Structure formats: C-alpha cells, structure tokens
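Enquirer: Quick one: the structure is below, questions incoming.
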Amino acid sequence: MARNVLFQLHWFLGITAGLVLAVMGVTGAIIAFEPELLAATNPGIVTVAPATARLLSGPELVAHVEARHPGARITRLVTQRDPARAAIVTYTLGASKERLRSYLDPATGAMLGDAGGARFFETVEKLHRWMALPGDGNGWGRQITGFAALSLIYFALSGLYLRWPRRPLDWRNWFVLDLRKTGRNLHRALHAVVGGWVLVFYLISGSTGLWWSYGWYRDGVQHLLTSPPAATKGHAAKDARADLSLAWAGFVRASGGRAYEQVTATVRDGATVQFRGKLPGGRHDRVSDEITIDGTSGAMLSSTPYAQRRWGEDIVTSVYELHRGAYFGLPGRIVMLLTSMTMPLFTITGLLLYLARRRRKAALAAVVRDAPDTPGGAAPTIVAFASQTGSAERIAQLTAQALPGAAAVPVAALTPETLAQATRLFVVASTYGEGEPPDAARGFARTMSRGVADLPHLRYAVLALGDREYADFCAFGHRIDGWLHASGATRLFDLIEMHGDDPDVQRQWQQQLVGVGARTDQPDWAPAPMDDWRLVERRLLNPGSSGGEAWHIALEPVDGRADWQAGDIIEILPEHDPRRVEAFLRASRMADTPELRALLATHILPDDPTAGIDPAALKPLAHRDYSIASIPASGRVELIVRRCDAADGFPGLGSGWLTGGAPMGGIVRARTRRNPSFHAPADPATPLILIGNGTGLAGLLAHLRHRAAQGGGPAWLFWGERHPDHDDYHAAERHAHAARGTLVRSMTAWSRLGCGPRYVQDALAASADAVAGAVALGAAIYVCGSMDGMAVGVQQVLTAALGDDTLEAMLGDGRYRRDIY
C-alpha cells in the first residue's frame, strides 16, 4: 500500500510540477556560467586590456561614477585584483528605484556600460526563480517554483525507494544504462538510471532552492546550522545615507589592508555597508572575509573572517554557491550544469510512461465494463492476475469472460481457502523490474517463499508476461508455475511466455483456452491483419475411417512471400457455412442481400436470430490455429485438419471452411505465427523423440522434414491413430524418412486394431527404458496432439520414466516442448 501511494503521488507530481522543473532546469543551465559567457561575448566591457598604470581604488571608482552622474546612489561596487577584469557598479538615479548597472575601467574609472546579453540573462533568471510571473519574488511565481523544489526533493527520495533493486549491493543495478533497450523499457531505464546519477545533485538543488521560496524554511535552516548572531558594535541609522568612500576606508582598516582577489561592497539598510573580500584562490565567491561597516562613520560593526567560520555558518553563507555547484569548485559547476540540463529528460520520459500507463488503463476499463459479476471465492474456475500496469489484469478479465463461470481476482486473493474450493486456476502474471513481482503480488510471493501447498485437486495454466530486454524474463510467472506444480497441481497446458503486449501470444493463449472449454464466439483479443492464401490442395486422408474425416490441406501465399519455421502455427480466418447463414437469415427475417450475406459469413452470429440485430454491431469471427506440417522450402503451408461438427449440426467454423467451405483455387485469409515454444533445438545434432496422435502428426512432420532437409541427429516417432487400414496418414513419407535414416525408430499405436498398444502413451510406456536412455544422452522430447487423453497420458508415462525433476528441468531448458490443443 505504501509503495502504491508513493508511486501515485510520484506520477501526479510529475505531471503537475514536471513542466515547471523542466523550465527551471533549462534556465538554471543557461545561467550556470553567466559570468564567463558575458566575459567571452563582451570584450572591452566585461574584460579590458590590462593597464600598466595603478588600478583605481574603490573610493576613486566611486568618485568617477558620482562625477559622471551627480546624485547617483551607489548600491553595490565590485572590484577585481585582475587588471583584465572590469569593475562593476550598480546604482540608482534620483527618486527612481530602477537599478542600473555599468562596468568600469579599473584603470581610468570610465563607465563602459552594461554587457550585451545581460538583459537576456536577467529574463532567464526571472524564469528560473519565479517563472517571470507578475509580482516578481513577491508574487505567485515564487510559490510555484517553491512547490516545484519541494517536488524535486520528493522525486529524488521516492524514486530511490520505488526503484530499489533486488540486489542493491550490485552497483550495476544502480548506474549502468542499457541503451539497447527500446520503447517503454528505454524510457523507464532513462528515468530510473539517470535519476540515480543525478539524485544527490537534485537533492542539493531542491533543498537550496527552497531558501528563496519560503521564509520558514530559511529561518529553520539558519536556526539548525548557526548560532545566534553575535552582538554588533552599534549600528548605522537606517534613514542616513552611506558614504561609500568613508565605508571603504573603514573596510581597509578593519581588514589590515589585505589584498583580496575580489571585493564586493553592498549598501544595506540605508547606511550599513557589507564588504566581502574573496580570498586568493577561493573556489567560489563566498570563500571570503565578511566585514560590516557603518557608512556614516567608517566604524566596523562586525567582522567574520573565513578562517573562523564554522561549518554550519559556511553552509548558510554559501547557499547560492551550493545551489549552482560552485561550492565544489569548477567540477561542481559543470556537474550541476549537466544535471540541470537533464531535467526535461525526466519530464518527457515520465510523460511517455504515464501515457503508456493510461492506454493500458483505458484498455483494461473497456474490458472490465463487460466483466460478469462472479464472486471470486465461490467460482470453481479462478483467473488470478498479478499486474503492475494493467496489461495482465486486462488479459485476465478477458480470460474470465471466455471461461463459463470464471471469476477474475488479484493474486493476493488466492488464500488457502480459495485454492481449496477451486478446481481450475488460470494465472496471468507480470514480472516487474529485475524479476520482481508486481507491487500488489508481493504478499503472495512471500506466501510462496514459505513453502508449497497441498493442491492435487487443482488444474492450472500460467501466462507469464515480461520483457525480453530484461535478464529475468517472465521470472515471476515461472515462479508461480513452479510453485503450483510443486504443490501437486496439474498443468492444463505449458506455461506461455509473452513479451510486452505481443498480439501473437495473446491469440495463442486465447486458442489454448478454447481447448479447455472456453467460448469460441469471442473475437480475437489482439486482431492482426491477414494475408491472402490460395487453397491449392485438399485431400481426404482417411476414407472409410470410423473417426472424423482428416484432410490434407495445402495453401500457397498469393504474393509468394511467407515466413515460418518448423513448429510454427498458421492462423486461419474462417467463414460460416453458407447453409448456416441461410438458416440465420430465414429465422431473423432480415433483408437478404449479397452485402448482408458477406457480412454475416465473417461475423459472430447471435444465439437468438429473432432478437432484433444491428449488423453493424456484430463482432468479427476469431481465427483458428493449425500446426504447420511443411517447411518453407516447399513454398506452401500444409495442414492436417480434422473435420468437426458444431452444435447446430453444421460443420465447425475452421475445419468446415478449410475442408469444404472454401472453394479450390479460392482465397483463404490467414497468417503465420511464430511459436518459439515448439521450435527445433538450437543444436541440430540433438536427437528428437517425437510423440503425438491424430492430426498432431502435422507438427511432428514439420520437424521430421526440417531434420531431413537440414541434417542433424536422429529422430524417433511415437504416433497413435485408429486403424492402419484407414488412418495411416502420410505413411509413404514416414517410410521414406526411415529409409534415409532420418527416422531411426518408429512406433505406431492403433487404438481400434484390437491387439498391441492401444494408445500412443501405451507404446511410449513399452519403450520407457529406451526413452530414458536417449534423454540421458541429450535427446529432446516434442509432443503434439490432443490435450485430453493423449497429453495427460504421455505426461504420466514420461514422469514415471524420467522423474518429475528431470522433466521439469527439460521443460525449463527447452528439451521438453509441447504443442497440445
């Protein structure tokens, strides 16, 4: 809760005070080297040709100014020991309160005028100090910049807390900026890492900037760091007028005639003159002796030599030098310049992160509006989410809407009682930062760390969200998956990893849910453009079979371009059987037009056709997934499709469209999708053990064909179907692979033959010792086929043969891969 509150306040202040801080940062950087810039751009005014004659004293310079402007009231005079630097005088004329400034030739006293660009720097300074708003330092501008300074301190401290890494002693976590990252990750890295670089300097800038904004702050700092001021030797009358020449003489006496690098005389309270004598070699202007003189008598009122100044007094005296970094010499000024220039970076990256978060929140809100009101504790199917930015929660809500009677709850709500009542659990878990759980899931992470639970009754699946640019990709999702498995729960299907908002993976998760009973009338959660493919071959593979028809389907890309590899998926955009559309039109009594028929053919049809339907409100059909049996070298995608019937008696959407609805030579809308979790091993020498049943032969054939074309280690095949007389798909090709040595061991299980192994898991069990031996030598296992029956049975046989720990390790390192549906 505390972390969430700090974060919410962090971004709220960021979008309110961020722009002001950006302006303050840029303007602060501009004026950081104002004296040097003015000197470089104003030769003959700020800098003069060094004279061989004696430099004029302060009183002599005053006399020259008064001779030029009789009645001038001098408020400040700055003299330099360097003969190439002009003196500076600030004065008023007559009753005017406007302060004028002029540079003085230190040898002749001639008034050289003000420096070109000085007005520009004055305007920039007003922007920096009070946003150049009316009222100057007494208006609202000072309150605005004061609030921004307070915000800067909060940003530094809260940012330190919010980004505290899991391994805080590793300096790389704090200071290394990985510029290989992109998008939101790069914005976050810039915001966090660069923030760590400048944190100390921003704390200095913010805490010293408050000095000029709030009197209570200034008084408090003075009270904390300094002792009560010592009594002065009298004081000058406030209504008197200082004689600067007399005061200067008093300063010379009080300082013992010491040669200072720079002397600044400032008239205060009418007749009191404060002198600052900068010591030779001083790193900033406040490395100086301070002497106060009565301007009416020349008597010394107070003297504070720099050598006697205590640490706290030095800080209070040098607040301005701390603010601009000069307190630490030239390196400090350069660093403060650079850190000031980075202020807009935090405004921009913070705004980009905020907008990305808003988009995710908006997407989540659109989904939540349609969410059913199902009590989480009473639902047998629970969809739990661990979400940091809303992406995981959005997918969890869509998942709950797809599963009948499911409830979406945060992971924090998974109590022992809730898990004991549930029969199925679907987890959508984000990984935050360097492998950490989202803030709201930290409590559940602590629960997992205390040990496993007793969940043998629970079946589950995990979608892990993460970012491949981080080393601990999807770490928290893997941690939940491992904990559930160790607690005795059974996977419905293997963990799916998702990078960012990958639309391919979202559709893959959606299709896996369909395989465990989810609704099929939802449109794609992440639609993607489809390409035109031509249906070039359609052949029945099992005529006379007692099972459903299995068809060989071949599609060629119309534009000749397609990219996939063994293990990938093709997504088909189906169309309704024309007879289903005809029946719907008759029942709905809608006007029968070609345009309406075309629309209905590609959209989800309502259950009740008589309920008054707005065709424009119909949602598009979702795609259907099929394992690709071919390799790119063939130039076409080949599939094995089982024709299924829908509840209304018509052929199923995807299978019906491919096996009968789409005309030969006609166009099918489709696109290939990467399926990294079923790709071939990186090392082609790895032996393969291929296991599947029915149409799952498609995914296995792709790997056989890839191994035959590319070469590599040998392959074994365990496959099951009904009867060899009718269901021996692609038998000739399998025999050819065996003859060439690609397929060195093949076992087919016929479930309707009446003798021998009935199912593929039975054939696998009969060869358990051989499989264990091959795995020990480095073989990888690939399973493709139906989730019900085959996948569960094969998992049990492999667990018995290899051990659960070995199988989990193989799953983790990619030597055990499954494409089940």
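Going by the structure tokens order, chains are called A, B, ..., each with residues numbered from 1, while ligands are numbered from 1 in the order shown.
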Would you kindly return, as a list in words, each protein, DNA or RNA residue with an atom no farther than 8 Å from any atom of A:Ala107, considering only C-alpha atoms and excluding same-chain residues fewer than 3 positions away?
Expert: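 Within the cut-off, the hits are Ala51, Ala53, Arg54, Leu55, Leu56 and Pro83 of chain A.
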Enquirer: Give me, as a PyMOL selection string, the residues of stretch 246-375 of chain A that a backbone DSSP run labels strand (DSSP E).
Expert: chain A and resi 262-268+272-278+288-294+300-304
Enquirer: Counting only C-alpha atoms, what is within 12 Å of stretch 518-524 of chain A, bar same-chain residues fewer than 3 positions away, as a ChimeraX atom specification?
Expert: /A:381,395,398-406,426,503-515,527-529,571-574,602-607,618-625,646-647,652-654
Enquirer: So the first atom is atom CA of A:Ser746 and the second is atom CA of A:Asp805; what is the distance between them in Å, to one decimal place?
Expert: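 Calculated distance between atom CA of A:Ser746 and atom CA of A:Asp805 is 26.9 Å.
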Enquirer: Compile the contact shell of stretch 770-780 of chain A as JSON, numbers by chain: residues with an atom at most 7 Å away, counting only C-alpha atoms, same-chain residues fewer than 5 positions apart removed.
Expert: {"A": [686, 687, 688, 689, 801, 802, 815, 816]}
Enquirer: Take the residues from that selection and write them out as a PDB file, in the first residue's frame, keeping all heavy atoms.
Expert:
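Written out: out-v1.pdb:
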ATOM      1  N   THR A 686      21.006 -32.475 -31.801  1.00  0.00           N
ATOM      2  CA  THR A 686      20.183 -33.000 -30.713  1.00  0.00           C
ATOM      3  C   THR A 686      19.225 -34.062 -31.241  1.00  0.00           C
ATOM      4  O   THR A 686      18.423 -33.796 -32.134  1.00  0.00           O
ATOM      5  CB  THR A 686      19.367 -31.869 -30.062  1.00  0.00           C
ATOM      6  OG1 THR A 686      20.256 -30.856 -29.591  1.00  0.00           O
ATOM      7  CG2 THR A 686      18.530 -32.393 -28.910  1.00  0.00           C
ATOM      8  N   PRO A 687      19.247 -35.280 -30.701  1.00  0.00           N
ATOM      9  CA  PRO A 687      18.267 -36.292 -31.125  1.00  0.00           C
ATOM     10  C   PRO A 687      16.857 -35.861 -30.728  1.00  0.00           C
ATOM     11  O   PRO A 687      16.658 -35.188 -29.709  1.00  0.00           O
ATOM     12  CB  PRO A 687      18.700 -37.542 -30.357  1.00  0.00           C
ATOM     13  CG  PRO A 687      20.117 -37.293 -29.957  1.00  0.00           C
ATOM     14  CD  PRO A 687      20.230 -35.816 -29.744  1.00  0.00           C
ATOM     15  N   LEU A 688      15.871 -36.268 -31.541  1.00  0.00           N
ATOM     16  CA  LEU A 688      14.488 -35.887 -31.298  1.00  0.00           C
ATOM     17  C   LEU A 688      13.642 -37.119 -30.992  1.00  0.00           C
ATOM     18  O   LEU A 688      13.762 -38.140 -31.668  1.00  0.00           O
ATOM     19  CB  LEU A 688      13.896 -35.175 -32.516  1.00  0.00           C
ATOM     20  CG  LEU A 688      14.500 -33.828 -32.914  1.00  0.00           C
ATOM     21  CD1 LEU A 688      13.785 -33.294 -34.156  1.00  0.00           C
ATOM     22  CD2 LEU A 688      14.389 -32.828 -31.782  1.00  0.00           C
ATOM     23  N   ILE A 689      12.799 -37.004 -29.974  1.00  0.00           N
ATOM     24  CA  ILE A 689      11.776 -38.010 -29.705  1.00  0.00           C
ATOM     25  C   ILE A 689      10.437 -37.319 -29.916  1.00  0.00           C
ATOM     26  O   ILE A 689      10.037 -36.438 -29.146  1.00  0.00           O
ATOM     27  CB  ILE A 689      11.886 -38.542 -28.257  1.00  0.00           C
ATOM     28  CG1 ILE A 689      13.255 -39.188 -28.046  1.00  0.00           C
ATOM     29  CG2 ILE A 689      10.767 -39.533 -27.974  1.00  0.00           C
ATOM     30  CD1 ILE A 689      13.496 -39.646 -26.615  1.00  0.00           C
ATOM     31  N   ALA A 801       8.917 -42.493 -16.187  1.00  0.00           N
ATOM     32  CA  ALA A 801      10.153 -42.983 -16.794  1.00  0.00           C
ATOM     33  C   ALA A 801      11.358 -42.115 -16.446  1.00  0.00           C
ATOM     34  O   ALA A 801      12.467 -42.633 -16.247  1.00  0.00           O
ATOM     35  CB  ALA A 801       9.992 -43.057 -18.314  1.00  0.00           C
ATOM     36  N   LEU A 802      11.153 -40.807 -16.379  1.00  0.00           N
ATOM     37  CA  LEU A 802      12.275 -39.892 -16.227  1.00  0.00           C
ATOM     38  C   LEU A 802      12.361 -39.255 -14.845  1.00  0.00           C
ATOM     39  O   LEU A 802      13.439 -38.796 -14.432  1.00  0.00           O
ATOM     40  CB  LEU A 802      12.182 -38.773 -17.277  1.00  0.00           C
ATOM     41  CG  LEU A 802      12.100 -39.217 -18.730  1.00  0.00           C
ATOM     42  CD1 LEU A 802      11.890 -38.018 -19.641  1.00  0.00           C
ATOM     43  CD2 LEU A 802      13.372 -39.962 -19.122  1.00  0.00           C
ATOM     44  N   ARG A 815      14.214 -28.675 -23.635  1.00  0.00           N
ATOM     45  CA  ARG A 815      14.353 -30.024 -24.199  1.00  0.00           C
ATOM     46  C   ARG A 815      13.057 -30.811 -24.107  1.00  0.00           C
ATOM     47  O   ARG A 815      12.986 -31.944 -24.586  1.00  0.00           O
ATOM     48  CB  ARG A 815      15.478 -30.772 -23.481  1.00  0.00           C
ATOM     49  CG  ARG A 815      16.871 -30.260 -23.829  1.00  0.00           C
ATOM     50  CD  ARG A 815      17.937 -30.990 -23.033  1.00  0.00           C
ATOM     51  NE  ARG A 815      17.864 -32.419 -23.237  1.00  0.00           N
ATOM     52  CZ  ARG A 815      18.150 -33.321 -22.298  1.00  0.00           C
ATOM     53  NH1 ARG A 815      18.490 -32.930 -21.077  1.00  0.00           N
ATOM     54  NH2 ARG A 815      18.072 -34.604 -22.570  1.00  0.00           N
ATOM     55  N   TYR A 816      12.049 -30.226 -23.498  1.00  0.00           N
ATOM     56  CA  TYR A 816      10.719 -30.837 -23.460  1.00  0.00           C
ATOM     57  C   TYR A 816       9.741 -29.781 -23.935  1.00  0.00           C
ATOM     58  O   TYR A 816       9.476 -28.795 -23.259  1.00  0.00           O
ATOM     59  CB  TYR A 816      10.390 -31.298 -22.035  1.00  0.00           C
ATOM     60  CG  TYR A 816       9.021 -31.936 -21.863  1.00  0.00           C
ATOM     61  CD1 TYR A 816       8.441 -32.698 -22.881  1.00  0.00           C
ATOM     62  CD2 TYR A 816       8.318 -31.779 -20.672  1.00  0.00           C
ATOM     63  CE1 TYR A 816       7.192 -33.287 -22.716  1.00  0.00           C
ATOM     64  CE2 TYR A 816       7.072 -32.375 -20.488  1.00  0.00           C
ATOM     65  CZ  TYR A 816       6.514 -33.122 -21.514  1.00  0.00           C
ATOM     66  OH  TYR A 816       5.281 -33.701 -21.355  1.00  0.00           O
TER      67      TYR A 816
END
Enquirer: Could you tell me which of A:Arg669, A:Leu150, A:Leu162, A:Arg359 comes closest to A:Tyr217 if we count only C-alpha atoms?
Expert: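 Checking each candidate against A:Tyr217, we get A:Leu150 as the closest.
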Enquirer: Can you tell me which residues surround stretch 308-324 of chain A at a distance of at most 7 Å, considering only C-alpha atoms, apart from same-chain residues fewer than 6 positions away, and format the answer as a PDB file with C-alpha atoms, in the first residue's frame?
Expert:
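Saved file selection-v3.pdb follows:
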ATOM      1  CA  ALA A  32      25.207  28.489 -14.692  1.00  0.00           C
ATOM      2  CA  ILE A 204      21.107  19.787  -3.280  1.00  0.00           C
ATOM      3  CA  SER A 205      19.270  21.852  -5.905  1.00  0.00           C
ATOM      4  CA  THR A 208      18.882  25.048  -1.516  1.00  0.00           C
ATOM      5  CA  GLY A 209      16.219  26.328  -3.914  1.00  0.00           C
ATOM      6  CA  GLN A 222      19.649  29.095   9.991  1.00  0.00           C
ATOM      7  CA  LEU A 225      23.066  25.252  11.423  1.00  0.00           C
ATOM      8  CA  THR A 226      24.141  28.515  13.026  1.00  0.00           C
ATOM      9  CA  HIS A 284      33.748  30.432  -5.106  1.00  0.00           C
ATOM     10  CA  ARG A 286      31.757  33.127  -0.610  1.00  0.00           C
ATOM     11  CA  ARG A 333      29.533  23.836 -11.519  1.00  0.00           C
ATOM     12  CA  MET A 336      25.295  20.965 -11.770  1.00  0.00           C
TER      13      MET A 336
END
Enquirer: Which residue gives the smallest distance to A:Leu425 among A:Tyr821, A:Tyr759, A:Phe493, A:Phe120, with only C-alpha atoms counted?
Expert: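 For A:Leu425, the nearest of the given residues is A:Phe493.
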Enquirer: Determine, for each residue of stretch 748-801 of chain A having at least one atom at most 8 Å from an atom of stretch 716-735 of chain A, the closest pair of atoms and their separation in Å to one decimal, counting only C-alpha atoms; order by chain and ascending number, as a Markdown table.
Expert:
| residue | atom | partner | partner_atom | distance |
| --- | --- | --- | --- | --- |
| A:Thr748 | CA | A:Trp719 | CA | 4.9 |
| A:Ala749 | CA | A:Gly720 | CA | 4.4 |
| A:Trp750 | CA | A:Arg722 | CA | 5.0 |
| A:Ser751 | CA | A:Arg722 | CA | 4.8 |
| A:Arg752 | CA | A:Arg722 | CA | 5.0 |
| A:Leu753 | CA | A:His723 | CA | 5.7 |
| A:Tyr759 | CA | A:Gly720 | CA | 5.9 |
| A:Val760 | CA | A:Gly720 | CA | 4.8 |
| A:Ala763 | CA | A:Phe718 | CA | 7.2 |
| A:Leu764 | CA | A:Phe718 | CA | 6.8 |
Enquirer: Only N, CA, C and O atoms, please: the residues just picked out, written as a compact mmCIF listing (two decimals), in the first residue's frame.
Expert:
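Saved result, again24.txt, follows:
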# COMPACT_ATOMS: atom_id res chain seq x y z
N THR A 748 3.88 -47.06 -33.98
CA THR A 748 2.53 -46.55 -34.19
C THR A 748 1.55 -47.36 -33.33
O THR A 748 1.59 -48.60 -33.34
N ALA A 749 0.71 -46.64 -32.61
CA ALA A 749 -0.28 -47.28 -31.73
C ALA A 749 -1.65 -47.17 -32.38
O ALA A 749 -2.12 -46.07 -32.66
N TRP A 750 -2.28 -48.33 -32.63
CA TRP A 750 -3.60 -48.36 -33.27
C TRP A 750 -4.65 -48.69 -32.20
O TRP A 750 -4.66 -49.79 -31.65
N SER A 751 -5.51 -47.75 -31.94
CA SER A 751 -6.47 -47.92 -30.85
C SER A 751 -7.65 -48.82 -31.22
O SER A 751 -8.36 -49.29 -30.33
N ARG A 752 -7.88 -49.06 -32.51
CA ARG A 752 -9.02 -49.88 -32.91
C ARG A 752 -8.59 -51.17 -33.61
O ARG A 752 -9.41 -51.84 -34.22
N LEU A 753 -7.35 -51.54 -33.48
CA LEU A 753 -6.87 -52.75 -34.16
C LEU A 753 -7.16 -54.00 -33.34
O LEU A 753 -7.34 -55.08 -33.89
N TYR A 759 -3.00 -47.07 -27.28
CA TYR A 759 -2.81 -45.62 -27.42
C TYR A 759 -1.32 -45.30 -27.43
O TYR A 759 -0.49 -46.12 -27.02
N VAL A 760 -0.99 -44.10 -27.87
CA VAL A 760 0.42 -43.75 -28.03
C VAL A 760 1.14 -43.77 -26.69
O VAL A 760 2.33 -44.13 -26.60
N ALA A 763 2.33 -47.22 -26.14
CA ALA A 763 3.53 -47.52 -26.91
C ALA A 763 4.75 -46.87 -26.27
O ALA A 763 5.85 -47.44 -26.24
N LEU A 764 4.58 -45.67 -25.75
CA LEU A 764 5.67 -44.97 -25.10
C LEU A 764 6.11 -45.70 -23.83
O LEU A 764 7.31 -45.84 -23.55
